[in-house]
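For reference, run-v3.csv (CSV, C-alpha atoms):
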```csv
chain,number,residue,atom,x,y,z
C,1,MET,CA,58.8,103.4,51.9
C,2,LYS,CA,55.8,101.5,50.5
C,3,LEU,CA,53.2,102.3,47.8
C,4,THR,CA,50.5,102.4,50.5
C,5,ASP,CA,52.3,105.3,52.2
C,6,LEU,CA,51.5,107.5,49.3
C,7,THR,CA,47.7,107.3,50.0
C,8,THR,CA,48.1,109.0,53.4
C,9,ARG,CA,49.8,112.2,52.3
C,10,ALA,CA,50.3,114.5,49.4
C,11,GLY,CA,53.7,114.9,47.7
C,12,GLU,CA,56.0,117.9,48.0
C,13,TRP,CA,54.6,119.5,44.9
C,14,LEU,CA,51.1,119.9,46.4
C,15,ARG,CA,52.2,121.7,49.5
C,16,GLY,CA,51.1,125.0,47.9
C,17,ASN,CA,54.0,126.9,49.4
C,18,GLY,CA,56.2,127.5,46.4
C,19,PRO,CA,56.6,130.8,44.6
C,20,MET,CA,53.5,132.1,42.8
C,21,SER,CA,51.6,129.0,44.2
C,22,GLU,CA,48.2,130.8,44.1
C,23,ILE,CA,48.4,130.3,40.3
C,24,VAL,CA,51.3,128.0,39.7
C,25,ILE,CA,50.5,124.6,41.1
C,26,SER,CA,53.7,122.9,40.1
C,27,SER,CA,56.9,123.1,38.0
C,28,ARG,CA,58.0,119.9,36.2
C,29,ILE,CA,61.1,119.1,34.2
C,30,ARG,CA,61.4,115.8,32.3
C,31,LEU,CA,64.5,114.4,30.5
C,32,ALA,CA,64.2,111.6,27.9
C,33,ARG,CA,67.1,109.2,27.7
C,34,ASN,CA,67.9,105.9,25.9
C,35,VAL,CA,70.6,103.4,26.6
C,36,SER,CA,73.1,103.0,23.8
C,37,GLY,CA,73.3,99.5,22.3
C,38,TYR,CA,69.5,98.9,22.7
C,39,HIS,CA,66.7,99.4,20.2
C,40,PHE,CA,64.0,101.9,20.9
C,41,LEU,CA,61.2,100.2,22.7
C,42,THR,CA,59.0,99.9,19.6
C,43,LYS,CA,61.7,97.6,18.1
C,44,CYS,CA,62.7,95.7,21.3
C,45,THR,CA,61.7,92.1,21.8
C,46,ARG,CA,60.0,91.1,25.0
C,47,HIS,CA,63.3,89.5,26.2
C,48,GLN,CA,65.3,92.7,25.3
C,49,ARG,CA,62.8,94.9,27.1
C,50,THR,CA,63.1,92.7,30.2
C,51,ASN,CA,66.9,92.9,30.2
C,52,LEU,CA,66.8,96.6,29.7
C,53,GLU,CA,64.4,97.1,32.6
C,54,HIS,CA,66.7,95.1,34.9
C,55,LYS,CA,69.7,97.1,33.8
C,56,VAL,CA,68.1,100.5,34.2
C,57,ARG,CA,66.4,99.6,37.5
C,58,ASP,CA,69.7,98.5,39.0
C,59,ALA,CA,71.4,101.7,37.8
C,60,VAL,CA,68.6,103.9,39.2
C,61,LEU,CA,68.5,102.2,42.6
C,62,GLY,CA,72.3,102.4,42.8
C,63,ALA,CA,72.3,106.2,42.0
C,64,SER,CA,70.9,107.2,45.4
C,65,ILE,CA,68.4,109.7,43.9
C,66,SER,CA,66.7,110.0,47.3
C,67,PRO,CA,67.3,108.9,51.0
C,68,LYS,CA,64.5,106.4,50.4
C,69,THR,CA,63.6,105.2,46.9
C,70,LEU,CA,60.6,103.1,46.1
C,71,TYR,CA,60.7,101.0,42.9
C,72,VAL,CA,57.3,99.8,41.6
C,73,ASP,CA,57.3,96.9,39.0
C,74,LEU,CA,54.4,98.1,36.8
C,75,GLN,CA,54.1,94.8,35.0
C,76,GLU,CA,53.2,93.1,38.3
C,77,ALA,CA,51.3,96.1,39.9
C,78,PRO,CA,47.5,95.9,40.1
C,79,GLU,CA,45.6,98.3,37.9
C,80,ILE,CA,44.4,100.4,40.8
C,81,ASP,CA,48.0,101.0,41.9
C,82,ARG,CA,49.0,102.1,38.4
C,83,GLN,CA,46.1,104.5,38.4
C,84,LEU,CA,47.1,105.8,41.7
C,85,LEU,CA,50.5,106.7,40.3
C,86,VAL,CA,48.9,108.4,37.3
C,87,GLU,CA,46.7,110.5,39.7
C,88,ARG,CA,49.8,111.5,41.6
C,89,HIS,CA,51.6,112.5,38.3
C,90,LEU,CA,54.4,110.0,39.0
C,91,ILE,CA,53.8,108.1,35.8
C,92,SER,CA,52.0,108.8,32.5
C,93,LYS,CA,48.7,107.3,31.4
C,94,PRO,CA,50.5,105.4,28.5
C,95,HIS,CA,53.0,104.0,30.9
C,96,ALA,CA,50.3,102.7,33.2
C,97,ALA,CA,48.4,101.1,30.3
C,98,ALA,CA,51.4,99.6,28.5
C,99,GLU,CA,52.5,96.0,28.5
C,100,GLY,CA,55.8,94.3,29.2
C,101,ALA,CA,58.6,94.9,31.6
C,102,ARG,CA,58.5,98.5,32.9
C,103,GLY,CA,58.6,100.3,36.2
C,104,VAL,CA,59.0,103.6,38.1
C,105,ALA,CA,61.4,104.7,40.8
C,106,ILE,CA,60.0,107.3,43.2
C,107,GLY,CA,61.9,109.5,45.6
C,108,GLU,CA,60.7,109.8,49.2
C,109,SER,CA,59.1,113.3,48.8
C,110,GLU,CA,57.7,112.4,45.4
C,111,SER,CA,59.6,115.3,43.9
C,112,VAL,CA,61.6,112.8,41.8
C,113,SER,CA,60.3,109.9,39.7
C,114,ILE,CA,62.1,107.9,37.0
C,115,MET,CA,59.9,106.0,34.5
C,116,VAL,CA,61.6,102.9,33.0
C,117,ASN,CA,60.5,101.7,29.6
C,118,GLU,CA,57.9,104.3,29.0
C,119,GLU,CA,58.2,105.8,25.5
C,120,ASP,CA,62.0,106.0,26.0
C,121,HIS,CA,64.1,103.8,28.1
C,122,LEU,CA,64.2,106.4,30.9
C,123,ARG,CA,62.0,109.4,31.6
C,124,LEU,CA,63.5,111.4,34.5
C,125,GLN,CA,61.1,113.8,36.2
C,126,VAL,CA,61.4,116.4,38.9
C,127,LEU,CA,58.3,118.1,40.3
C,128,ARG,CA,58.3,121.2,42.6
C,129,SER,CA,55.6,123.2,44.2
C,130,GLY,CA,55.0,126.6,42.6
C,131,LEU,CA,57.3,128.3,40.1
C,132,GLN,CA,60.7,126.6,40.8
C,133,LEU,CA,62.0,125.7,37.4
C,134,GLU,CA,65.7,126.5,38.1
C,135,GLU,CA,65.6,124.5,41.3
C,136,ALA,CA,64.0,121.6,39.4
C,137,TRP,CA,66.6,121.8,36.7
C,138,GLU,CA,69.5,121.8,39.2
C,139,GLU,CA,68.1,118.6,40.8
C,140,ILE,CA,67.3,116.7,37.6
C,141,ASN,CA,70.7,117.7,36.1
C,142,ASP,CA,72.4,116.2,39.1
C,143,ILE,CA,70.4,112.9,38.8
C,144,ASP,CA,71.1,112.8,35.0
C,145,ASN,CA,74.8,113.1,35.7
C,146,LYS,CA,74.7,110.3,38.3
C,147,LEU,CA,72.9,108.0,35.9
C,148,GLU,CA,75.2,108.8,33.0
C,149,SER,CA,78.2,107.8,35.0
C,150,THR,CA,76.9,104.2,35.0
C,151,LEU,CA,74.7,104.1,31.8
C,152,ASP,CA,75.9,104.9,28.3
C,153,PHE,CA,73.2,107.1,26.9
C,154,ALA,CA,72.5,107.2,23.1
C,155,PHE,CA,74.0,110.5,22.0
C,156,HIS,CA,74.9,112.0,18.6
C,157,PRO,CA,77.6,114.7,18.4
C,158,ARG,CA,75.4,116.7,16.0
C,159,PHE,CA,71.8,115.9,17.1
C,160,GLY,CA,72.3,115.4,20.8
C,161,TYR,CA,70.4,112.9,22.9
C,162,LEU,CA,68.5,110.4,20.6
C,163,THR,CA,64.9,109.8,21.6
C,164,ALA,CA,62.0,107.7,20.3
C,165,CYS,CA,60.0,110.8,19.4
C,166,PRO,CA,61.8,113.3,17.0
C,167,THR,CA,60.4,116.3,18.9
C,168,ASN,CA,62.5,115.3,21.9
C,169,VAL,CA,65.8,114.9,20.1
C,170,GLY,CA,68.5,117.2,21.3
C,171,THR,CA,68.4,118.0,25.0
C,172,GLY,CA,65.5,115.6,25.5
C,173,ILE,CA,64.0,118.2,27.9
C,174,ARG,CA,60.3,118.9,28.5
C,175,VAL,CA,59.5,121.9,30.7
C,176,SER,CA,56.0,121.9,32.0
C,177,VAL,CA,54.1,124.3,34.4
C,178,MET,CA,50.7,123.4,35.8
C,179,LEU,CA,48.5,126.5,36.2
C,180,HIS,CA,45.2,127.2,37.9
C,181,LEU,CA,43.4,129.7,35.8
C,182,PRO,CA,39.7,129.9,37.1
C,183,ALA,CA,39.3,133.7,36.7
C,184,LEU,CA,40.4,133.7,33.0
C,185,LYS,CA,37.8,130.9,32.5
C,186,LEU,CA,35.1,132.8,34.3
C,187,THR,CA,35.7,136.1,32.5
C,188,GLY,CA,35.8,134.3,29.1
C,189,GLU,CA,39.4,135.3,28.5
C,190,ILE,CA,41.1,131.9,28.6
C,191,GLU,CA,41.7,132.2,24.8
C,192,LYS,CA,44.4,134.7,25.6
C,193,VAL,CA,46.5,131.8,27.0
C,194,PHE,CA,45.9,129.6,24.0
C,195,ARG,CA,46.9,132.4,21.6
C,196,ALA,CA,50.0,133.3,23.6
C,197,ALA,CA,51.0,129.6,23.8
C,198,LYS,CA,50.5,129.2,20.0
C,199,ASP,CA,52.6,132.3,19.3
C,200,MET,CA,55.4,130.8,21.4
C,201,ARG,CA,55.0,127.3,20.0
C,202,LEU,CA,54.0,125.8,23.3
C,203,ALA,CA,51.5,123.0,24.1
C,204,VAL,CA,48.5,123.5,26.3
C,205,ARG,CA,47.2,120.3,27.9
C,206,GLY,CA,44.9,119.2,30.7
C,207,LEU,CA,45.5,118.0,34.2
C,208,TYR,CA,47.2,114.7,33.2
C,209,GLY,CA,49.2,116.0,30.2
C,210,GLU,CA,49.1,114.8,26.7
C,211,GLY,CA,45.7,113.7,25.4
C,212,THR,CA,43.7,115.1,28.3
C,213,GLU,CA,41.3,118.0,28.5
C,214,ALA,CA,41.5,120.8,31.0
C,215,THR,CA,39.5,119.9,34.2
C,216,GLY,CA,39.0,122.1,37.2
C,217,ASP,CA,40.6,125.0,35.4
C,218,PHE,CA,44.0,123.4,35.4
C,219,TYR,CA,46.2,123.8,32.4
C,220,GLN,CA,49.7,122.4,31.7
C,221,ILE,CA,51.9,124.6,29.5
C,222,SER,CA,55.0,122.9,28.0
C,223,ASN,CA,57.6,123.3,25.3
C,224,GLN,CA,57.0,121.3,22.1
C,225,THR,CA,60.6,121.0,20.7
C,226,THR,CA,64.0,120.6,22.2
C,227,LEU,CA,66.4,120.6,19.2
C,228,GLY,CA,68.5,123.8,18.7
C,229,LYS,CA,68.0,125.3,22.2
C,230,ALA,CA,70.0,124.8,25.4
C,231,GLU,CA,68.2,123.6,28.5
C,232,GLU,CA,69.0,126.9,30.3
C,233,GLU,CA,67.5,128.9,27.4
C,234,ILE,CA,64.2,126.9,27.4
C,235,ILE,CA,63.9,127.2,31.2
C,236,SER,CA,64.7,131.0,31.2
C,237,ASP,CA,62.1,131.6,28.5
C,238,PHE,CA,59.5,129.8,30.7
C,239,LYS,CA,60.5,131.5,33.9
C,240,ASN,CA,61.0,135.1,32.6
C,241,VAL,CA,58.6,135.3,29.6
C,242,VAL,CA,56.0,132.7,29.2
C,243,ILE,CA,54.7,132.1,32.7
C,244,PRO,CA,54.8,135.7,34.0
C,245,LYS,CA,52.7,136.8,31.0
C,246,ILE,CA,50.0,134.1,31.8
C,247,ILE,CA,50.2,135.0,35.5
C,248,ASP,CA,49.6,138.6,34.7
C,249,TYR,CA,46.5,137.6,32.6
C,250,GLU,CA,45.1,135.7,35.5
C,251,HIS,CA,45.8,138.4,38.1
C,252,HIS,CA,44.1,140.9,35.9
C,253,ALA,CA,41.0,138.7,35.5
C,254,ARG,CA,40.9,138.2,39.3
C,255,ARG,CA,41.0,141.9,39.9
C,256,THR,CA,38.2,142.4,37.4
C,257,LEU,CA,36.1,139.9,39.3
C,258,LEU,CA,36.9,141.4,42.6
C,259,ASN,CA,36.3,145.0,41.6
C,260,ASP,CA,33.5,144.8,39.0
C,261,ARG,CA,31.8,141.5,39.6
C,262,THR,CA,32.0,140.9,43.3
C,263,ALA,CA,28.6,139.4,43.7
C,264,ALA,CA,29.1,137.0,40.8
C,265,LEU,CA,32.5,136.0,42.3
C,266,ASP,CA,31.1,135.3,45.7
C,267,ASP,CA,28.2,133.4,44.3
C,268,LYS,CA,30.6,131.0,42.5
C,269,VAL,CA,32.8,130.6,45.5
C,270,PHE,CA,30.2,130.2,48.3
C,271,ARG,CA,27.9,128.1,46.1
C,272,ALA,CA,30.8,125.7,45.6
C,273,LEU,CA,31.6,125.7,49.3
C,274,GLY,CA,27.9,125.0,50.1
C,275,VAL,CA,27.7,122.1,47.8
C,276,LEU,CA,31.0,120.6,48.9
C,277,ARG,CA,29.9,120.9,52.6
C,278,SER,CA,26.4,119.4,52.1
C,279,ALA,CA,26.3,117.1,49.0
C,280,ARG,CA,25.7,113.4,49.5
C,281,LEU,CA,26.9,112.3,46.0
C,282,MET,CA,29.9,113.8,44.2
C,283,ALA,CA,31.3,112.8,40.9
C,284,SER,CA,35.0,113.3,40.1
C,285,GLU,CA,34.6,116.1,37.5
C,286,GLU,CA,32.1,118.0,39.5
C,287,THR,CA,34.4,117.8,42.5
C,288,LEU,CA,37.3,119.3,40.6
C,289,PHE,CA,35.1,122.1,39.2
C,290,LEU,CA,33.8,123.1,42.7
C,291,LEU,CA,37.2,122.8,44.4
C,292,SER,CA,38.6,125.0,41.7
C,293,HIS,CA,36.2,127.8,42.5
C,294,LEU,CA,36.8,127.3,46.3
C,295,ARG,CA,40.6,127.4,45.8
C,296,MET,CA,40.2,130.7,43.9
C,297,GLY,CA,38.0,132.1,46.7
C,298,ILE,CA,40.6,131.2,49.4
C,299,ASN,CA,43.5,132.7,47.4
C,300,MET,CA,41.5,135.9,46.8
C,301,GLY,CA,40.6,136.3,50.5
C,302,ARG,CA,36.9,135.5,50.1
C,303,VAL,CA,37.1,132.4,52.3
C,304,LYS,CA,39.3,132.7,55.4
C,305,ASP,CA,38.6,129.6,57.5
C,306,ILE,CA,39.9,126.9,55.1
C,307,ASP,CA,43.6,126.1,54.6
C,308,ILE,CA,44.8,126.1,50.9
C,309,ARG,CA,46.7,122.9,51.5
C,310,THR,CA,43.5,121.1,52.5
C,311,ILE,CA,42.0,122.0,49.1
C,312,ASN,CA,45.2,121.0,47.2
C,313,GLU,CA,45.1,117.6,48.9
C,314,LEU,CA,41.4,117.2,48.2
C,315,PHE,CA,42.1,117.6,44.5
C,316,LEU,CA,44.3,114.5,44.8
C,317,MET,CA,42.6,112.3,47.5
C,318,THR,CA,39.1,112.4,45.9
C,319,GLN,CA,40.4,110.9,42.6
C,320,PRO,CA,39.0,107.4,42.0
C,321,ALA,CA,42.1,105.3,42.8
C,322,HIS,CA,43.0,107.3,45.8
C,323,LEU,CA,39.5,107.1,47.2
C,324,GLN,CA,39.4,103.3,46.7
C,325,LYS,CA,42.8,102.9,48.4
C,326,LEU,CA,41.6,105.0,51.3
C,327,MET,CA,38.5,102.9,51.6
C,328,GLY,CA,40.4,99.7,51.3
C,329,LYS,CA,38.2,98.2,48.6
C,330,LYS,CA,37.0,98.5,45.1
C,331,ILE,CA,33.9,100.8,44.8
C,332,ASP,CA,32.1,102.4,41.9
C,333,GLY,CA,28.9,104.1,41.0
C,334,ASP,CA,26.9,105.8,43.7
C,335,ILE,CA,28.9,104.0,46.4
C,336,ARG,CA,32.0,105.7,45.2
C,337,ARG,CA,30.3,109.1,44.8
C,338,ALA,CA,28.8,108.8,48.3
C,339,ALA,CA,32.2,108.0,49.8
C,340,ARG,CA,33.8,110.9,48.0
C,341,ALA,CA,31.1,113.3,49.3
C,342,GLU,CA,31.5,112.0,52.8
C,343,PHE,CA,35.3,112.3,52.7
C,344,ILE,CA,35.0,116.0,51.5
C,345,ARG,CA,32.5,116.9,54.2
C,346,GLN,CA,34.8,115.4,56.9
C,347,ARG,CA,37.9,117.2,55.6
C,348,LEU,CA,36.1,120.6,55.3
C,349,SER,CA,34.5,120.3,58.7
C,350,ALA,CA,37.9,119.7,60.3
C,351,ASN,CA,39.0,123.2,59.2
```
Can you present the structure in this file as structure tokens?
Amino acid sequence: MKLTDLTTRAGEWLRGNGPMSEIVISSRIRLARNVSGYHFLTKCTRHQRTNLEHKVRDAVLGASISPKTLYVDLQEAPEIDRQLLVERHLISKPHAAAEGARGVAIGESESVSIMVNEEDHLRLQVLRSGLQLEEAWEEINDIDNKLESTLDFAFHPRFGYLTACPTNVGTGIRVSVMLHLPALKLTGEIEKVFRAAKDMRLAVRGLYGEGTEATGDFYQISNQTTLGKAEEEIISDFKNVVIPKIIDYEHHARRTLLNDRTAALDDKVFRALGVLRSARLMASEETLFLLSHLRMGINMGRVKDIDIRTINELFLMTQPAHLQKLMGKKIDGDIRRAARAEFIRQRLSAN
């Protein structure tokens, strides 16, 4: 598998066929781990960081996390390739922008990625389509066990796994669910989600996680602390309490639009479709905004001739790095906006 292979297809998590996928885009579980005997990265010398990257890379590639595993040396990778990996949610923005020895291992279906020398020595990640937290946990727990058989992780008998950020100490787990909530936004009820998240001590972030704003009505809901709770308890709370409540809010808002504001709903959906099918210049943010309304229209049965997977893939393929990789050259300004508009027109006309 090569990095260029990623530009021709979407990962498993964007197939749109998982449970509750009309609202839940993806389920993600991350585990933070550090290797015993090494400083946290903020205290590592450049030489120590390089030795650590080599040690972890060899362990990860030897663990057989996937039938085919791609390892990308991020220190050597061009900026556009690093941005591509951010857009695919395989590495974080800080990991892409950092300096020094670091990398990422990516499983064939992109459901698994392991960031090396991000904030911690290892950040294990499993992504699944729809609401599949238990399945994601089973997979990532197996990978964690394989790696722990060859790497000695920093662990304290009282505090648990030791991490660079105190909020990750304990299990080191971060559970995150990406939700598409356009009806709550349109009905002005999105504050319900923020209040519910605050009451349950959860974080609400944008499309690319920490430090990003919500774009295209996508919101990531994640736990903020890991100490004092078992992994299964955190996952159970998400699956059985947190996410069902937000899904209910969105379903109620969609029923309200369908029953009481049908003309306004159809105007948003078909206006978005009209622009996407005819525009000659499209900016990234506008594209996400219009695709969001179109995706809602498809899921609510207002648009019947477009496949939801096409829309999910357009969210990804129209991002700047993907578009430039598809075009085979660096483009910006109106040239990029024109290329994006043409790409969208072609994909929608094929449906």
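Of the residues under consideration (C:Asn34, C:Asn312, C:Gln319, C:Thr226), C:Asn34 shows the shortest atom-to-atom contact distance to C:Glu119 when counting only C-alpha atoms.
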Closest to C:His251 among C:Arg28, C:His180, C:Lys330, C:Lys2, using all atoms listed in the file?
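Nearest to C:His251: C:His180.
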Need to verify the contact set: C:Ala101, 10 Å, all atoms listed in the file, exclusion of same-chain residues closer than 6 positions in sequence. Can you return it as number ranges by chain?
C: 46-54, 73-76, 116-118
Counting all atoms listed in the file, closest pick from C:Val177, C:Met327, C:Ala253, C:Ile246 relative to C:Asn223 is C:Val177
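The point (36.0, 127.5, 42.0) has these residues within 10 Å of it, counting only C-alpha atoms: C:Leu181, C:Pro182, C:Ala183, C:Leu186, C:Gly216, C:Asp217, C:Leu265, C:Asp266, C:Lys268, C:Val269, C:Phe270, C:Arg271, C:Ala272, C:Leu273, C:Thr287, C:Leu288, C:Phe289, C:Leu290, C:Leu291, C:Ser292, C:His293, C:Leu294, C:Arg295, C:Met296, C:Gly297, C:Ile298.
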Restricting the calculation to only C-alpha atoms: of C:Lys146, C:Arg201, C:Arg30, C:Lys329, which residue gets closest to C:Ile173?
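For C:Ile173, the nearest of the candidates is C:Arg30.
Among the candidates C:Tyr219, C:Phe315, C:Tyr38, C:Tyr249, the one nearest to C:Arg88 when counting only C-alpha atoms is C:Phe315.
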Which of C:Val169, C:Val56, C:Ile23, C:Ile335 sits closest to C:Pro157 [using only C-alpha atoms]:
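Comparing C:Val169, C:Val56, C:Ile23, C:Ile335 against C:Pro157, the winner is C:Val169.
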Quick one: everything within 10 Å of C:Thr163, counting all atoms listed in the file, minus sequence neighbours fewer than 6 positions away in the same chain. Send it as a compact mmCIF listing (two decimals) with C-alpha atoms, in the frame of the given file.
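Below is the file selection_27.txt, written as the result:
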```txt
# COMPACT_ATOMS: atom_id res chain seq x y z
CA ALA C 32 64.20 111.60 27.90
CA ARG C 33 67.10 109.20 27.70
CA ASN C 34 67.90 105.90 25.90
CA VAL C 35 70.60 103.40 26.60
CA PHE C 40 64.00 101.90 20.90
CA GLU C 119 58.20 105.80 25.50
CA ASP C 120 62.00 106.00 26.00
CA HIS C 121 64.10 103.80 28.10
CA LEU C 122 64.20 106.40 30.90
CA ALA C 154 72.50 107.20 23.10
CA PHE C 155 74.00 110.50 22.00
CA VAL C 169 65.80 114.90 20.10
CA GLY C 170 68.50 117.20 21.30
CA THR C 171 68.40 118.00 25.00
CA GLY C 172 65.50 115.60 25.50
```
Determine, counting all atoms listed in the file, which protein, DNA and RNA residues have an atom within 9 Å of an atom of stretch 138-144 of chain C; residues of the same chain fewer than 3 positions away are not included. Present the result as a list in words.
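My reading of the contact set: Ile29, Arg30, Leu31, Ala63, Ser64, Ile65, Val112, Leu124, Gln125, Val126, Leu133, Glu134, Glu135, Leu147, Glu148 and Ser149 of chain C.
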For atom CA of C:Gly301 and atom CA of C:Leu258, determine how far apart the two atoms are, in Å to one decimal place.
10.1 Å
Could you tell me how far atom CA of C:Arg302 sits from atom CA of C:Leu127, in Å to one decimal place?
29.3 Å
Considering all atoms listed in the file, return as a ChimeraX atom specification whatever protein or nucleic-acid residues lie within 12 Å of C:Ala77, sequence-local ones (same chain, fewer than 3 positions apart) excluded.
/C:3,71-74,80-85,96-104
Missing atoms of stretch 299-311 of chain C rebuilt to N, CA and C atoms, written as a PDB file, keeping the file's coordinate frame:
```pdb
ATOM      1  N   ASN C 299      42.337 131.908  47.818  1.00  0.00           N
ATOM      2  CA  ASN C 299      43.500 132.700  47.400  1.00  0.00           C
ATOM      3  C   ASN C 299      43.140 134.196  47.241  1.00  0.00           C
ATOM      4  N   MET C 300      41.856 134.496  46.982  1.00  0.00           N
ATOM      5  CA  MET C 300      41.500 135.900  46.800  1.00  0.00           C
ATOM      6  C   MET C 300      40.897 136.491  48.106  1.00  0.00           C
ATOM      7  N   GLY C 301      40.984 135.733  49.209  1.00  0.00           N
ATOM      8  CA  GLY C 301      40.600 136.300  50.500  1.00  0.00           C
ATOM      9  C   GLY C 301      39.094 136.254  50.757  1.00  0.00           C
ATOM     10  N   ARG C 302      38.298 135.594  49.926  1.00  0.00           N
ATOM     11  CA  ARG C 302      36.900 135.500  50.100  1.00  0.00           C
ATOM     12  C   ARG C 302      36.482 134.495  51.182  1.00  0.00           C
ATOM     13  N   VAL C 303      37.279 133.423  51.283  1.00  0.00           N
ATOM     14  CA  VAL C 303      37.100 132.400  52.300  1.00  0.00           C
ATOM     15  C   VAL C 303      38.322 132.349  53.172  1.00  0.00           C
ATOM     16  N   LYS C 304      38.142 132.496  54.486  1.00  0.00           N
ATOM     17  CA  LYS C 304      39.300 132.700  55.400  1.00  0.00           C
ATOM     18  C   LYS C 304      39.477 131.515  56.368  1.00  0.00           C
ATOM     19  N   ASP C 305      38.517 130.594  56.438  1.00  0.00           N
ATOM     20  CA  ASP C 305      38.600 129.600  57.500  1.00  0.00           C
ATOM     21  C   ASP C 305      38.998 128.199  56.955  1.00  0.00           C
ATOM     22  N   ILE C 306      39.501 128.136  55.719  1.00  0.00           N
ATOM     23  CA  ILE C 306      39.900 126.900  55.100  1.00  0.00           C
ATOM     24  C   ILE C 306      41.366 127.022  54.640  1.00  0.00           C
ATOM     25  N   ASP C 307      42.219 126.078  54.978  1.00  0.00           N
ATOM     26  CA  ASP C 307      43.600 126.100  54.600  1.00  0.00           C
ATOM     27  C   ASP C 307      43.766 125.666  53.126  1.00  0.00           C
ATOM     28  N   ILE C 308      44.596 126.377  52.373  1.00  0.00           N
ATOM     29  CA  ILE C 308      44.800 126.100  50.900  1.00  0.00           C
ATOM     30  C   ILE C 308      45.336 124.675  50.743  1.00  0.00           C
ATOM     31  N   ARG C 309      46.163 124.208  51.679  1.00  0.00           N
ATOM     32  CA  ARG C 309      46.700 122.900  51.500  1.00  0.00           C
ATOM     33  C   ARG C 309      45.653 121.797  51.595  1.00  0.00           C
ATOM     34  N   THR C 310      44.628 122.032  52.406  1.00  0.00           N
ATOM     35  CA  THR C 310      43.500 121.100  52.500  1.00  0.00           C
ATOM     36  C   THR C 310      42.848 120.943  51.102  1.00  0.00           C
ATOM     37  N   ILE C 311      42.648 122.063  50.434  1.00  0.00           N
ATOM     38  CA  ILE C 311      42.000 122.000  49.100  1.00  0.00           C
ATOM     39  C   ILE C 311      42.929 121.326  48.107  1.00  0.00           C
TER      40      ILE C 311
END
```
